[in-house]
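Heads up: the structure comes next, in structure tokens.
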Amino acid sequence: MISYKDKVKLILVDADGYNDKTVVLNQTVKSLFHLGGSYSQSASAEEHAADAHVYLNPKDPIVLANAYRLEGMYIVANMFGGDESDAWYRIGSVVVGQRKLLANNVDNVHCFLNKVHALADLPEPEES
């Protein structure tokens with residue numbers, strides 16, 4: 001079993017009637033977050049890249065309810081206490097681990113993340 005020692009914010013944004021982005025969900029969930037980063041500079045251009053992925057707790061009701069619709073949601077993973085605006089990722093793809101030959105239980109939810117800019121003016125998350 002995976003030990004979910006980290007906490008991340010899971011954020012869902014949708015368009016309202018005026019096509020403005022509004023926060024539909026801002027929830028703190030238990031997770032296991034992994035990050036690798038790189039930086040390069042050439043020809044007066046800087047490039048920052050991140051190889052990040054997260055295992056979300058499959059027993060969390062929000063994660064379980066959205067397990068097959070997590071792509072496009074945002075993750076805020078501020079593991080080192082720095083500026084939270086630098087800790088934003090968008091879920092690019094998800095692998096839901098199920099024991100198909102036994103009880104069909106969801107064992108893990110593995111999300112692959114892409115680094116993005118922070119969204120502004122979000123309400124505080126609810127604790128899970």
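Letters for chains follow the order of the structure tokens (A, B, ...), residue numbers begin at 1 for each chain, and ligand numbers begin at 1 in the order shown.
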Legend entry - Gly72 of chain A surroundings by only C-alpha atoms, 8 Å radius, close-in-sequence under 5 positions cut, as a VMD selection string: chain A and resid 12 90 to 92
Could you write out the selected residues, including N, CA and C atoms, as a PDB file, in the first residue's frame?
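As a result, result_32.pdb now contains:
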```pdb
ATOM      1  N   LEU A  12     -10.521  22.466  -9.472  1.00  0.00           N
ATOM      2  CA  LEU A  12     -11.261  22.355 -10.730  1.00  0.00           C
ATOM      3  C   LEU A  12     -11.785  23.732 -11.091  1.00  0.00           C
ATOM      4  N   ARG A  90      -0.856  21.193 -13.887  1.00  0.00           N
ATOM      5  CA  ARG A  90      -2.111  20.750 -14.488  1.00  0.00           C
ATOM      6  C   ARG A  90      -1.995  19.258 -14.745  1.00  0.00           C
ATOM      7  N   ILE A  91      -3.037  18.528 -14.432  1.00  0.00           N
ATOM      8  CA  ILE A  91      -3.024  17.087 -14.636  1.00  0.00           C
ATOM      9  C   ILE A  91      -3.154  16.816 -16.136  1.00  0.00           C
ATOM     10  N   GLY A  92      -2.122  16.191 -16.700  1.00  0.00           N
ATOM     11  CA  GLY A  92      -2.104  15.890 -18.130  1.00  0.00           C
ATOM     12  C   GLY A  92      -2.702  14.535 -18.454  1.00  0.00           C
TER      13      GLY A  92
END
```
Inset, instruction - Determine which residues of segment 35-93 of chain A receive a DSSP assignment of strand (DSSP E), computed from the backbone, and state them as a VMD selection string. - result: chain A and resid 35 to 42 45 to 56 74 to 76 88 to 93
Selection to disk with C-alpha atoms, as an mmCIF file, in the first residue's frame:
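Below is the file part-v4.cif, written as the result:
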```
data_model
loop_
_atom_site.group_PDB
_atom_site.id
_atom_site.type_symbol
_atom_site.label_atom_id
_atom_site.label_comp_id
_atom_site.auth_asym_id
_atom_site.auth_seq_id
_atom_site.Cartn_x
_atom_site.Cartn_y
_atom_site.Cartn_z
ATOM 1 C CA LEU A 35 9.134 16.210 -8.496
ATOM 2 C CA GLY A 36 12.171 16.506 -10.707
ATOM 3 C CA GLY A 37 13.158 19.813 -12.270
ATOM 4 C CA SER A 38 15.582 21.224 -14.799
ATOM 5 C CA TYR A 39 16.831 24.590 -15.968
ATOM 6 C CA SER A 40 18.711 25.501 -19.132
ATOM 7 C CA GLN A 41 19.800 28.699 -20.818
ATOM 8 C CA SER A 42 20.886 29.195 -24.408
ATOM 9 C CA ALA A 45 16.417 32.156 -23.557
ATOM 10 C CA GLU A 46 15.747 30.437 -20.262
ATOM 11 C CA GLU A 47 13.852 27.183 -20.027
ATOM 12 C CA HIS A 48 12.394 25.721 -16.854
ATOM 13 C CA ALA A 49 10.949 22.221 -16.945
ATOM 14 C CA ALA A 50 9.446 19.923 -14.363
ATOM 15 C CA ASP A 51 8.849 16.213 -14.320
ATOM 16 C CA ALA A 52 6.172 15.879 -11.680
ATOM 17 C CA HIS A 53 3.647 13.235 -10.806
ATOM 18 C CA VAL A 54 1.413 12.537 -7.856
ATOM 19 C CA TYR A 55 -0.438 9.581 -6.399
ATOM 20 C CA LEU A 56 -3.763 10.766 -4.988
ATOM 21 C CA TYR A 74 -4.991 21.687 -11.256
ATOM 22 C CA ILE A 75 -2.720 20.504 -8.458
ATOM 23 C CA VAL A 76 -1.021 22.945 -6.088
ATOM 24 C CA TRP A 88 1.006 24.907 -9.781
ATOM 25 C CA TYR A 89 0.582 21.929 -12.105
ATOM 26 C CA ARG A 90 -2.111 20.750 -14.488
ATOM 27 C CA ILE A 91 -3.024 17.087 -14.636
ATOM 28 C CA GLY A 92 -2.104 15.890 -18.130
ATOM 29 C CA SER A 93 -2.963 12.210 -17.839
#
```
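The spacing separating atom CA of Leu32 of chain A from atom CA of Asn104 of chain A amounts to 22.3 Å.
Within the 8 Å cut-off around segment 94-100 of chain A, using only C-alpha atoms and omitting residues fewer than 6 positions from it on the same chain, the listed residues are Ala67, Tyr68, Leu70, Glu71, Val106, Asp107, Asn108, Val109, His110, Cys111 and Phe112 of chain A.
Nearest residue to Met1 of chain A among A:Gly82, A:Asn57, A:Val13, A:Ala43 is A:Asn57, counting only C-alpha atoms.
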Inset, instruction - Considering only C-alpha atoms, return as a PyMOL selection string whatever protein or nucleic-acid residues lie within 12 Å of Thr28 of chain A, sequence-local ones (same chain, fewer than 3 positions apart) excluded. - result: chain A and resi 6-12+25+31+56-57+60-63+74-78+124-128
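Here the alpha helix (DSSP H) residues in segment 60-100 of chain A, by DSSP on the backbone, are A:Pro61, A:Ile62, A:Val63, A:Leu64, A:Ala65.
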Legend entry - From A:Ser44, A:Asn26, A:Ser85, A:Asn114, residue lying nearest Asp14 of chain A [only C-alpha atoms]: A:Asn26
